[in-house]
Structures are given as C-alpha cells and as structure tokens.
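work-v5.txt, holding compact mmCIF, C-alpha atoms and all ligand atoms:
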```txt
# COMPACT_ATOMS: atom_id res chain seq x y z
CA MET L 1165 -23.79 -36.55 0.66
CA ASP L 1166 -21.91 -33.59 -0.73
CA PRO L 1167 -23.30 -32.03 -3.90
CA PRO L 1168 -21.29 -32.79 -7.06
CA ARG L 1169 -18.71 -30.09 -7.60
CA ARG L 1170 -18.19 -28.30 -10.85
CA GLU L 1171 -14.61 -28.50 -12.08
CA LEU L 1172 -12.86 -25.32 -11.08
CA ALA L 1173 -10.16 -23.67 -13.10
CA PRO L 1174 -6.65 -24.95 -12.41
CA GLU L 1175 -4.63 -23.04 -9.85
CA GLN L 1176 -1.31 -23.45 -11.56
CA GLY L 1177 -0.21 -22.47 -15.03
CA LYS L 1178 -1.22 -19.63 -17.23
CA THR L 1179 -4.62 -18.02 -17.37
CA ARG L 1180 -6.62 -18.13 -20.56
CA ASP L 1181 -5.03 -14.96 -21.84
CA GLY L 1182 -1.55 -16.02 -20.77
CA ARG L 1183 -1.16 -13.42 -18.03
CA TRP L 1184 -0.33 -15.77 -15.21
CA ASP L 1185 3.41 -15.16 -15.37
CA ARG L 1186 3.09 -11.43 -14.91
CA VAL L 1187 4.19 -11.63 -11.31
CA GLU L 1188 7.66 -11.46 -12.85
CA GLU L 1189 6.97 -7.83 -13.59
CA LEU L 1190 6.88 -7.01 -9.91
CA PRO L 1191 10.26 -6.33 -8.38
CA SER L 1192 10.58 -9.17 -5.90
CA ARG L 1193 12.54 -7.07 -3.42
CA GLU L 1194 9.74 -4.58 -3.04
CA ARG L 1195 7.51 -6.63 -0.86
CA ILE L 1196 5.53 -5.53 2.09
CA LEU L 1197 6.14 -7.18 5.43
CA PRO L 1198 3.41 -8.01 7.85
CA PRO L 1199 3.29 -5.32 10.54
CA SER L 1200 4.99 -7.51 13.15
CA ALA L 1201 7.99 -8.33 10.97
CA GLY L 1202 9.41 -4.84 11.14
CA LYS L 1203 9.69 -4.92 14.91
CA GLY L 1204 13.19 -5.22 16.22
CA GLN L 1205 14.70 -4.98 12.73
CA GLY L 1206 13.42 -1.95 10.94
CA GLY L 1207 11.35 -0.84 13.92
CA ILE L 1208 12.62 1.90 16.15
CA PRO L 1209 14.20 0.96 19.45
CA SER L 1210 11.71 1.36 22.23
CA ARG L 1211 13.86 3.93 24.01
CA TRP L 1212 13.03 6.38 21.24
CA CYS L 1213 9.34 5.81 21.78
CA SER L 1214 7.69 7.81 24.47
CA LYS L 1215 4.12 8.80 25.06
CA PRO L 1216 3.08 11.86 23.07
CA ALA L 1217 2.97 14.69 25.55
CA PHE L 1218 1.28 18.03 25.37
CA PRO L 1219 4.02 20.61 25.18
CA LYS L 1220 4.76 21.64 28.71
CA ALA L 1221 4.86 25.35 29.43
CA GLU L 1222 8.62 25.07 29.78
CA ASP L 1223 8.91 23.26 26.42
CA ALA L 1224 6.89 25.91 24.67
CA LYS L 1225 9.16 28.58 26.17
CA ARG L 1226 12.23 26.76 24.89
CA GLY L 1227 10.69 26.44 21.43
CA ARG L 1228 9.88 22.70 21.60
CA LEU L 1229 7.23 21.68 19.11
CA GLU L 1230 5.66 18.62 17.54
CA GLY L 1231 5.89 18.06 13.80
CA ARG L 1232 5.82 15.44 11.08
CA VAL L 1233 8.71 14.18 8.98
CA LEU L 1234 8.00 14.82 5.30
CA GLU L 1235 11.37 14.01 3.76
CA PHE L 1236 14.64 12.74 4.97
CA HIS L 1237 18.09 13.01 3.54
CA SER L 1238 21.35 11.50 4.78
CA GLU L 1239 22.03 14.13 7.47
CA TRP L 1240 18.85 16.10 7.92
CA CYS L 1241 15.13 15.95 7.30
CA VAL L 1242 12.22 18.23 6.52
CA VAL L 1243 9.64 18.45 9.29
CA GLN L 1244 6.25 20.06 8.91
CA ILE L 1245 5.30 22.08 11.95
CA GLY L 1246 1.88 23.66 11.55
CA PRO L 1247 1.82 25.35 8.16
CA GLU L 1248 5.63 25.70 8.04
CA THR L 1249 8.41 23.28 7.15
CA LEU L 1250 11.71 23.24 8.99
CA ARG L 1251 15.04 21.62 8.22
CA CYS L 1252 15.96 19.48 11.23
CA ARG L 1253 18.83 17.32 12.44
CA PRO L 1254 18.61 14.58 15.05
CA ARG L 1255 20.10 15.36 18.44
CA GLY L 1256 23.53 13.97 19.22
CA LYS L 1257 22.40 10.83 21.03
CA MET L 1258 20.15 9.76 18.15
CA ARG L 1259 23.01 10.25 15.73
CA THR L 1260 24.98 7.45 17.34
CA LEU L 1261 22.46 5.09 15.72
CA GLY L 1262 23.62 6.33 12.32
CA PRO L 1263 22.43 9.36 10.41
CA LEU L 1264 18.70 9.57 10.89
CA TYR L 1265 18.93 5.83 11.11
CA LYS L 1266 15.56 5.10 12.56
CA LEU L 1267 13.44 7.99 11.35
CA ALA L 1268 10.89 7.28 8.67
CA VAL L 1269 8.68 9.37 6.44
CA GLY L 1270 5.46 10.03 8.35
CA ASP L 1271 7.02 10.02 11.82
CA PHE L 1272 5.68 12.47 14.37
CA VAL L 1273 8.60 14.03 16.21
CA ARG L 1274 9.37 16.47 18.98
CA VAL L 1275 11.59 19.22 17.76
CA GLU L 1276 13.54 21.98 19.42
CA THR L 1277 14.08 25.12 17.41
CA GLY L 1278 17.30 27.02 17.83
CA ALA L 1279 18.82 30.32 16.86
CA SER L 1280 20.47 28.74 13.78
CA GLY L 1281 17.13 28.50 12.00
CA GLU L 1282 17.47 24.71 12.00
CA GLY L 1283 15.58 22.40 14.31
CA ARG L 1284 16.82 19.49 16.42
CA ILE L 1285 14.79 16.30 16.62
CA LEU L 1286 14.55 15.32 20.26
CA GLU L 1287 12.44 12.21 19.99
CA ILE L 1288 10.19 10.12 17.77
CA LEU L 1289 6.63 9.77 19.00
CA PRO L 1290 5.01 6.31 19.04
CA ARG L 1291 3.95 5.00 15.66
CA ARG L 1292 0.47 3.76 14.80
CA ASN L 1293 1.81 1.42 12.16
CA GLU L 1294 4.77 0.79 9.90
CA ILE L 1295 5.02 -0.22 6.29
CA ALA L 1296 8.21 -2.14 5.67
CA ARG L 1297 9.94 -3.91 2.87
CA ARG L 1298 12.90 -6.20 2.67
CA SER L 1299 16.06 -4.21 2.78
CA LEU L 1300 18.04 -4.12 -0.43
CA GLY L 1301 21.23 -4.74 1.57
CA ARG L 1302 22.98 -7.99 2.31
CA HIS L 1303 21.18 -8.64 5.55
CA ARG L 1304 17.70 -8.62 4.05
CA SER L 1305 16.26 -7.11 7.20
CA ALA L 1306 13.09 -5.08 7.20
CA GLN L 1307 13.33 -1.49 6.08
CA VAL L 1308 10.57 0.78 7.27
CA ILE L 1309 9.50 3.00 4.40
CA ALA L 1310 6.45 4.83 5.69
CA VAL L 1311 4.77 5.07 9.07
CA ASN L 1312 1.50 6.33 10.54
CA VAL L 1313 -0.44 5.55 7.38
CA ASP L 1314 -4.27 5.27 7.37
CA GLN L 1315 -5.31 4.38 3.89
CA MET L 1316 -4.15 2.26 0.96
CA VAL L 1317 -5.18 3.71 -2.38
CA ILE L 1318 -4.99 0.77 -4.76
CA VAL L 1319 -4.69 2.00 -8.32
CA GLY L 1320 -5.37 -0.10 -11.40
CA SER L 1321 -6.06 0.99 -14.93
CA ALA L 1322 -9.03 0.17 -17.13
CA ALA L 1323 -6.66 -0.34 -20.06
CA SER L 1324 -2.97 -0.03 -20.92
CA PRO L 1325 -1.80 -1.85 -18.85
CA PRO L 1326 -4.90 -4.07 -18.70
CA TRP L 1327 -6.98 -4.40 -15.53
CA TRP L 1328 -5.27 -6.92 -13.26
CA PRO L 1329 -7.76 -7.98 -10.59
CA GLY L 1330 -5.44 -10.59 -9.07
CA LEU L 1331 -3.04 -7.83 -8.09
CA ILE L 1332 -5.86 -5.67 -6.71
CA ASP L 1333 -6.84 -8.65 -4.54
CA ARG L 1334 -3.24 -8.95 -3.29
CA TYR L 1335 -3.23 -5.34 -2.24
CA LEU L 1336 -6.56 -5.83 -0.45
CA VAL L 1337 -4.89 -8.58 1.56
CA ALA L 1338 -1.91 -6.31 2.25
CA ALA L 1339 -4.21 -3.48 3.33
CA ALA L 1340 -6.08 -5.72 5.75
CA GLY L 1341 -2.78 -7.09 7.10
CA SER L 1342 -1.46 -3.60 7.81
CA SER L 1343 -4.79 -2.27 9.13
CA LEU L 1344 -5.10 0.27 6.32
CA SER L 1345 -8.51 1.08 4.85
CA PRO L 1346 -8.47 0.23 1.17
CA VAL L 1347 -9.85 2.36 -1.65
CA ILE L 1348 -9.82 0.91 -5.15
CA CYS L 1349 -9.20 3.36 -8.00
CA ILE L 1350 -9.83 2.45 -11.62
CA ASN L 1351 -7.86 4.99 -13.62
CA LYS L 1352 -7.81 5.61 -17.40
CA ILE L 1353 -11.57 5.13 -17.77
CA ASP L 1354 -11.22 7.44 -20.80
CA LEU L 1355 -9.62 4.44 -22.55
CA ASP L 1356 -12.51 2.11 -21.73
CA ALA L 1357 -14.61 2.26 -24.88
CA SER L 1358 -16.42 -1.01 -24.19
CA GLY L 1359 -17.49 -0.02 -20.67
CA GLU L 1360 -15.89 -3.13 -19.21
CA SER L 1361 -14.53 -1.18 -16.24
CA VAL L 1362 -18.10 -0.67 -15.03
CA ARG L 1363 -18.26 -4.41 -14.44
CA HIS L 1364 -14.99 -4.28 -12.46
CA THR L 1365 -16.40 -1.40 -10.42
CA GLU L 1366 -19.56 -3.30 -9.61
CA GLU L 1367 -17.64 -6.45 -8.75
CA TYR L 1368 -15.71 -4.73 -5.97
CA GLN L 1369 -18.59 -2.55 -4.84
CA ALA L 1370 -20.68 -5.68 -4.35
CA LEU L 1371 -17.97 -6.94 -1.99
CA GLY L 1372 -18.30 -3.77 0.06
CA TYR L 1373 -15.19 -1.92 -1.17
CA HIS L 1374 -15.09 1.73 -2.02
CA VAL L 1375 -14.30 2.19 -5.72
CA LEU L 1376 -13.39 5.42 -7.51
CA ARG L 1377 -13.58 5.70 -11.29
CA LEU L 1378 -10.95 8.11 -12.52
CA SER L 1379 -9.16 9.63 -15.43
CA ALA L 1380 -6.02 11.63 -14.76
CA LEU L 1381 -6.31 12.74 -18.39
CA THR L 1382 -9.89 14.06 -18.49
CA ARG L 1383 -9.93 14.79 -14.72
CA GLU L 1384 -13.08 12.72 -14.26
CA GLY L 1385 -13.54 11.64 -10.63
CA LEU L 1386 -10.63 13.73 -9.33
CA GLU L 1387 -12.83 15.66 -6.91
CA SER L 1388 -14.00 12.44 -5.27
CA MET L 1389 -10.38 11.35 -4.99
CA ARG L 1390 -9.43 14.65 -3.38
CA GLU L 1391 -12.27 14.18 -0.87
CA ARG L 1392 -11.07 10.68 -0.11
CA LEU L 1393 -7.49 11.78 0.58
CA LYS L 1394 -8.47 14.70 2.78
CA GLY L 1395 -7.52 14.40 6.42
CA THR L 1396 -5.75 11.04 5.99
CA THR L 1397 -2.30 9.69 5.24
CA SER L 1398 -2.38 7.43 2.22
CA VAL L 1399 -0.05 5.25 0.23
CA LEU L 1400 -0.72 4.88 -3.48
CA VAL L 1401 0.06 1.41 -4.71
CA GLY L 1402 -0.36 -0.32 -8.03
CA GLN L 1403 1.48 -1.69 -10.98
CA SER L 1404 3.85 0.64 -12.74
CA GLY L 1405 2.18 2.58 -15.54
CA VAL L 1406 -1.37 2.63 -14.17
CA GLY L 1407 -1.13 6.40 -13.60
CA LYS L 1408 -0.31 6.95 -9.93
CA SER L 1409 2.02 9.88 -10.61
CA SER L 1410 -0.37 11.29 -13.22
CA LEU L 1411 -3.26 11.20 -10.73
CA LEU L 1412 -1.22 13.02 -8.10
CA ASN L 1413 -0.03 15.58 -10.67
CA SER L 1414 -3.60 16.22 -11.79
CA LEU L 1415 -4.72 16.62 -8.19
CA GLU L 1416 -1.80 18.82 -7.26
CA PRO L 1417 -0.20 20.39 -10.33
CA GLY L 1418 2.60 21.91 -8.20
CA LEU L 1419 3.99 18.46 -7.45
CA ASP L 1420 5.27 17.93 -10.96
CA LEU L 1421 5.99 14.23 -10.43
CA ARG L 1422 7.67 12.54 -13.33
CA THR L 1423 5.49 10.12 -15.25
CA GLY L 1424 6.58 7.29 -17.48
CA GLU L 1425 5.44 6.40 -20.93
CA ILE L 1426 4.46 2.79 -21.35
CA SER L 1427 6.45 0.86 -23.86
CA GLY L 1428 4.06 -0.26 -26.59
CA ALA L 1429 5.71 -3.64 -27.03
CA THR L 1430 5.34 -4.90 -23.47
CA GLU L 1431 2.79 -2.52 -21.98
CA ARG L 1432 5.06 -2.36 -18.97
CA GLY L 1433 5.52 0.98 -17.34
CA ARG L 1434 8.91 2.20 -16.24
CA HIS L 1435 9.87 3.09 -12.71
CA VAL L 1436 10.55 6.77 -12.75
CA THR L 1437 10.20 8.08 -9.23
CA SER L 1438 13.03 8.07 -6.72
CA GLY L 1439 13.44 9.29 -3.16
CA ALA L 1440 11.09 8.97 -0.21
CA ARG L 1441 8.80 11.70 0.99
CA LEU L 1442 5.38 12.50 2.31
CA LEU L 1443 3.48 14.89 0.09
CA ALA L 1444 1.31 17.38 1.91
CA LEU L 1445 -1.74 18.00 -0.28
CA SER L 1446 -3.11 21.51 -0.45
CA GLY L 1447 -6.66 20.20 -0.04
CA GLY L 1448 -5.58 18.41 3.17
CA GLY L 1449 -4.08 14.99 3.70
CA PHE L 1450 -0.74 13.39 3.02
CA VAL L 1451 0.42 10.89 0.43
CA ALA L 1452 3.55 8.82 0.96
CA ASP L 1453 5.44 8.99 -2.28
CA THR L 1454 7.91 6.20 -1.81
CA PRO L 1455 9.04 4.06 -4.71
CA GLY L 1456 9.39 0.94 -2.57
CA VAL L 1457 5.78 1.01 -1.53
CA ARG L 1458 4.36 1.42 -4.99
CA SER L 1459 4.69 -2.06 -6.30
CA PHE L 1460 4.97 -4.19 -3.22
CA VAL L 1461 3.23 -7.46 -2.82
CA PRO L 1462 2.61 -9.01 0.59
CA PHE L 1463 4.56 -12.03 1.63
CA GLN L 1464 4.95 -14.21 4.71
CA ILE L 1465 1.19 -14.41 5.07
CA GLY L 1466 -0.86 -17.20 6.51
CA PRO L 1467 -4.34 -18.41 5.48
CA ASN L 1468 -6.09 -16.18 7.98
CA ASP L 1469 -4.26 -13.09 6.73
CA VAL L 1470 -5.35 -13.94 3.20
CA LEU L 1471 -8.97 -14.40 4.29
CA ALA L 1472 -8.92 -10.83 5.62
CA GLY L 1473 -8.75 -9.65 1.99
CA TYR L 1474 -11.65 -11.86 0.95
CA PRO L 1475 -14.61 -10.99 3.17
CA GLU L 1476 -17.05 -13.05 1.09
CA ILE L 1477 -14.85 -16.14 1.39
CA ALA L 1478 -14.28 -15.52 5.11
CA ARG L 1479 -18.06 -15.41 5.61
CA ALA L 1480 -18.62 -18.67 3.77
CA ALA L 1481 -15.65 -20.33 5.50
CA ALA L 1482 -17.47 -20.09 8.82
CA GLY L 1483 -19.71 -22.90 7.53
CA CYS L 1484 -16.95 -25.35 6.56
CA ARG L 1485 -17.09 -28.76 8.22
CA PHE L 1486 -13.44 -28.72 9.34
CA PRO L 1487 -12.08 -25.76 11.26
CA ASP L 1488 -8.71 -26.10 9.49
CA CYS L 1489 -10.33 -26.38 6.03
CA ARG L 1490 -8.02 -25.07 3.28
CA HIS L 1491 -11.01 -24.69 0.94
CA ALA L 1492 -9.23 -26.74 -1.73
CA GLN L 1493 -11.07 -30.06 -1.93
CA GLU L 1494 -12.15 -30.89 1.58
CA PRO L 1495 -15.55 -32.53 2.03
CA GLY L 1496 -18.14 -30.21 3.51
CA CYS L 1497 -16.28 -27.09 2.37
CA ALA L 1498 -18.81 -24.26 2.41
CA VAL L 1499 -16.52 -22.06 0.31
CA LEU L 1500 -16.44 -24.52 -2.59
CA GLU L 1501 -20.18 -24.87 -2.30
CA ALA L 1502 -20.64 -21.10 -2.48
CA VAL L 1503 -18.39 -20.95 -5.55
CA HIS L 1504 -20.42 -23.74 -7.10
CA ASP L 1505 -23.65 -21.89 -6.37
CA GLY L 1506 -22.28 -18.69 -7.87
CA GLU L 1507 -22.31 -16.81 -4.54
CA ILE L 1508 -18.54 -16.41 -4.70
CA LEU L 1509 -16.98 -15.42 -8.01
CA THR L 1510 -14.78 -18.14 -9.47
CA ARG L 1511 -12.22 -15.45 -10.31
CA ARG L 1512 -12.00 -14.34 -6.68
CA TYR L 1513 -11.79 -17.92 -5.47
CA ARG L 1514 -8.94 -18.61 -7.88
CA SER L 1515 -7.05 -15.50 -6.85
CA PHE L 1516 -7.55 -16.46 -3.18
CA ARG L 1517 -6.15 -19.93 -3.79
CA SER L 1518 -3.26 -18.60 -5.84
CA ILE L 1519 -2.14 -16.35 -2.96
CA LEU L 1520 -2.33 -19.30 -0.58
CA THR L 1521 -0.22 -21.42 -2.91
CA GLY L 1522 2.33 -18.65 -3.35
CA GLY L 1523 1.38 -17.46 -6.80
CA ILE L 1524 -0.47 -14.50 -8.17
CA GLU L 1525 -3.16 -14.40 -10.78
P1 LIG L 1601 2.64 5.29 -12.60
O1 LIG L 1601 3.80 4.43 -12.98
O2 LIG L 1601 1.54 4.48 -12.00
O3 LIG L 1601 3.01 6.47 -11.77
O4 LIG L 1601 2.02 5.83 -13.97
P2 LIG L 1601 2.25 7.24 -14.70
O5 LIG L 1601 1.55 8.32 -13.99
O6 LIG L 1601 3.70 7.38 -14.96
O7 LIG L 1601 1.45 7.01 -16.07
C1 LIG L 1601 1.84 6.06 -17.04
C2 LIG L 1601 1.33 6.49 -18.40
O8 LIG L 1601 -0.09 6.47 -18.42
C3 LIG L 1601 1.75 7.91 -18.80
O9 LIG L 1601 2.07 7.89 -20.16
C4 LIG L 1601 0.52 8.74 -18.57
O10 LIG L 1601 0.42 9.84 -19.44
C5 LIG L 1601 -0.60 7.73 -18.89
N1 LIG L 1601 -1.84 8.02 -18.15
C6 LIG L 1601 -1.95 8.25 -16.83
N2 LIG L 1601 -3.23 8.45 -16.48
C7 LIG L 1601 -3.97 8.37 -17.60
C8 LIG L 1601 -5.38 8.49 -17.88
O11 LIG L 1601 -6.24 8.72 -17.02
N3 LIG L 1601 -5.75 8.31 -19.17
C9 LIG L 1601 -4.86 8.04 -20.16
N4 LIG L 1601 -5.32 7.86 -21.39
N5 LIG L 1601 -3.52 7.93 -19.92
C10 LIG L 1601 -3.08 8.09 -18.67
ZN ZN L 1602 -13.62 -24.79 3.31
```
Could you render the structure as structure tokens?
Amino acid sequence: MDPPRRELAPEQGKTRDGRWDRVEELPSRERILPPSAGKGQGGIPSRWCSKPAFPKAEDAKRGRLEGRVLEFHSEWCVVQIGPETLRCRPRGKMRTLGPLYKLAVGDFVRVETGASGEGRILEILPRRNEIARRSLGRHRSAQVIAVNVDQMVIVGSAASPPWWPGLIDRYLVAAAGSSLSPVICINKIDLDASGESVRHTEEYQALGYHVLRLSALTREGLESMRERLKGTTSVLVGQSGVGKSSLLNSLEPGLDLRTGEISGATERGRHVTSGARLLALSGGGFVADTPGVRSFVPFQIGPNDVLAGYPEIARAAAGCRFPDCRHAQEPGCAVLEAVHDGEILTRRYRSFRSILTGGIE
C-alpha cells in the first residue's frame, strides 16, 4: 500500500504572497525556443555552413582570416579578428538573402580583407548552438539572437525586486534545453539585511549548481564572476531590474551600459538596453548583450526537457512505478514520495509542476 500523502500546495492560483501572476511581467514575445525550433526558420541555410578550415597558404596570402561577429547593423557588421575589430560587409551572394540576413551575434566567419580597409564576409562557420526567440514580425518565425554560447548566467536579486526562485528554475530548464552550463548569481546581497539570501544560495548549491553571491554596488564577488566569464561566451538572463547591466558595468567600467531605476510602486525594472552585440571582456570572455535574451522564458517544452532542469526530481523519477508517470497523483510515484519525505523541496516540486502545466511560480 502506498504511504499516505501529505496535501501539497495547489498548483494553480496565487502563492501565499500573491506573486503567482508575475509571469505577466515577462514580455511574452521574448521567449526562448528549443534548439531544434530555430532550424530551417531562423537557422542559417546549410549552404552557408562549411567545415572550419585552417587558412590555406593561398588564403593567408590573399588576406583571408577567421573572426567573430560582435555587432551587426543593417548593412555591415563588426568582426573581431585577433585583438583587432574590422568593419565587414557580406559578399555579394550572401546579400541576396537580405542584408546580413542570416548572420548572428557570436558567429565565427571567414573574412577577406581588402584595400578599402573594410572586410568582406565570405562564409559563416558551423554553429555550436543557437539561441532563438519568436520573431516580432507577422510570421512569428524563430529569430536567432545569439549563437555559439557556452554559459547561461542566471541573475536574480536578493531584494528589490524580490528573489524569484520559480523564474530561476525556468532558466535552469532553458539552460539544460540549450546545452548551456548554468551559473546562478544572487546580486544585491548588500540589501539582504536578514541573511535570507544565504538560504537561497545553499538551496541551489545543494542541488549541485554553481552559485555566485554578488553586489554590483559594493563589488563583492565580482572577481569570482570575472573568473567565471573568462574564456567562455555567456548570456546574462534574469528579470529586469535585478542588476545585469550594473554587474557588467562594474566588471567592465568602459562598457557604460545604461541601467534602469526600479519604480518604487511596482518594483518592476524598466527595459533600457537596445541593440544586439557581443561584448568582449578585457579579462577574457564574451557576453551577449541582447535585449531579447534577457527576459526570455522557455516554451514548447516537454516533460523530459523540464526534468533536465530538476536533477533531484529526475533522479527520484527513475523509481516511479509507471514509466510515463507525470508525478501528479499517480500511485507508486517516487517523486511524490520524496517530496513527502522532505528529500525534494516542496517549492521545487511546485515550480516543476507549474512549468509542466504551463504556468510559472
Ligand atoms: P537590469 O535590468 O537587470 O540590467 O538591472 P540594472 O543594472 O538596470 O539595475 C537596476 C537597479 O538596481 C539600478 O537602479 C541599479 O543601480 C540597482 N542595482 C544594481 N545592482 C545593485 C546592487 O548590487 N546593489 C544595490 N543596492 N542596487 C543595485
Ligand atoms: Zn512519478
């Protein structure tokens, strides 16, 4: 016989402190697509993908080089080649696809330098991955906003706006779905007089995640963040107002990113950054600074994708009686049993279920 189950918190409706409806604060159009969804829509046509080649002697003679796209504008883009940046245009054939139609921030490209001082992009090298969102246009196709990304830096704040673990969990699912390694940052620890953020830190550390405790204001933890960004390409994600721009400004004062004050009445931050670019950090590493990627939430995800963001639930789920167990109320559900026994946090279980049922906690 199954052990009696403790009544779990409801999955629908508001949380105790009335924060359930805060998903409304996230712009619904800025949603990440699973990696496969970008293919054939926002993905680049395969004819532009070729194997990365070592520059042949002849290429080197003709000034052909490999570089990385940092910024793109309507007609040209900025490509980093070694320590230099070069303004480049796509070659004629690529232009027939539309102006820089298929290039994305983070692309590795082969470039030919000419006498004009401008470069020509000859081809886009194969991408490791793509981060896409729904296009804002009528066709709602996928729009690739950053490519060749390694790491998702998930930023939350200890206070103002309040810590929102349900959203952190969502990003963990998104990171797993896009094969990005997640790092959780708790910013504004200078505002945490009660020390509550230590509990949040421990909660995620116990699950095996890497957590950084930061203050863009007092600069606490910034060196560990710098270390973490070194040698990788990261996207910074998190609710507006948690201090993503402030953290980057504190790390790299030359960036001078605009930051937004939080309105006292709603504690909602404003969106203040525009444009898409890859920031090259002086300490090494790149950060994709793309507004669309900052507040995305994953969608079109199945139960197995969600489990990837909940390693403790995935482990327990291996013991469920039915292989297609939804971990809701099935008999012999090892997940419910682990929640009952306190091995899985009720909060995490609720956030897991809310993603499965299309909500957010
Ligand atoms: P973003 O929307 O995530 O980029 O957030 P911003 O960087 O624009 O920061 C939002 C607000 O929080 C600004 O008023 C910042 O001055 C403030 N802020 C950012 N980081 C910290 C911090 O570590 N401590 C405190 N007290 N305030 C911060
Ligand atoms: Zn189950």
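In this model, the gap between CA of Leu1471 (chain L) and atom O1 of ligand LIG 1601 (chain L) comes to 28.6 Å.
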**Prompt:** Which is closer to Glu1384 (chain L) than all the others in L:Val1503, L:Ala1481, L:Val1317, L:Ile1353, using only C-alpha atoms?
**Reply:** L:Ile1353
**Request:** Pick out the residues no farther than 9 Å from ligand ZN 1602 (chain L), counting all atoms listed in the file, and list them as a PyMOL selection string.
**Result:** chain L and resi 1477+1480-1501
**Asked** Which residues, written as a list in words, have at least one atom at most 12 Å from Pro1247 (chain L), with all atoms listed in the file counted and residues fewer than 2 positions away on the same chain left out?
**Response**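 Answer for this query is Gly1231, Arg1232, Val1243, Gln1244, Ile1245, Thr1249, Leu1250, Ala1444, Leu1445, Ser1446 and Gly1448 of chain L.
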**Complete:** Restricting to only C-alpha atoms, whichever of L:Thr1510, L:Asn1351, L:Ser1361, L:Thr1397 is closest to Asn1293 (chain L) is L:Thr1397
**Item:** CA of Gly1407 (chain L) to CA of Val1470 (chain L), straight-line distance in Å
**Value:**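 According to the coordinates, CA of Val1470 (chain L) and CA of Gly1407 (chain L) are separated by 26.7 Å.
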**Asked** Hey, which of L:Val1399, L:Ile1332, L:Leu1520, L:Val1319 ends up closest to Ile1295 (chain L)? Count only C-alpha atoms.
**Response**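 Nearest to Ile1295 (chain L): L:Val1399.
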**Item:** Å distance separating CA of Arg1377 (chain L) from CA of Met1389 (chain L), one decimal place
**Value:**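 Those two atoms sit 9.0 Å apart.
Restricting the calculation to all atoms listed in the file, the smallest distance between Arg1512 (chain L) and any of L:Leu1411, L:Leu1381, L:Ile1309, L:Leu1331 is found for L:Leu1331.
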**Asked** Which of these, L:Gly1359, L:Gly1506, L:Gly1246, L:Gly1320, has the shortest distance to ligand LIG 1601 (chain L) once you count all atoms listed in the file?
**Response**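 Result for the nearest residue to ligand LIG 1601 (chain L): L:Gly1320.
Comparing L:Arg1383, L:Arg1334, L:Arg1363, L:Arg1255 by their smallest distance to ligand LIG 1601 (chain L), the closest is L:Arg1383 (using all atoms listed in the file).
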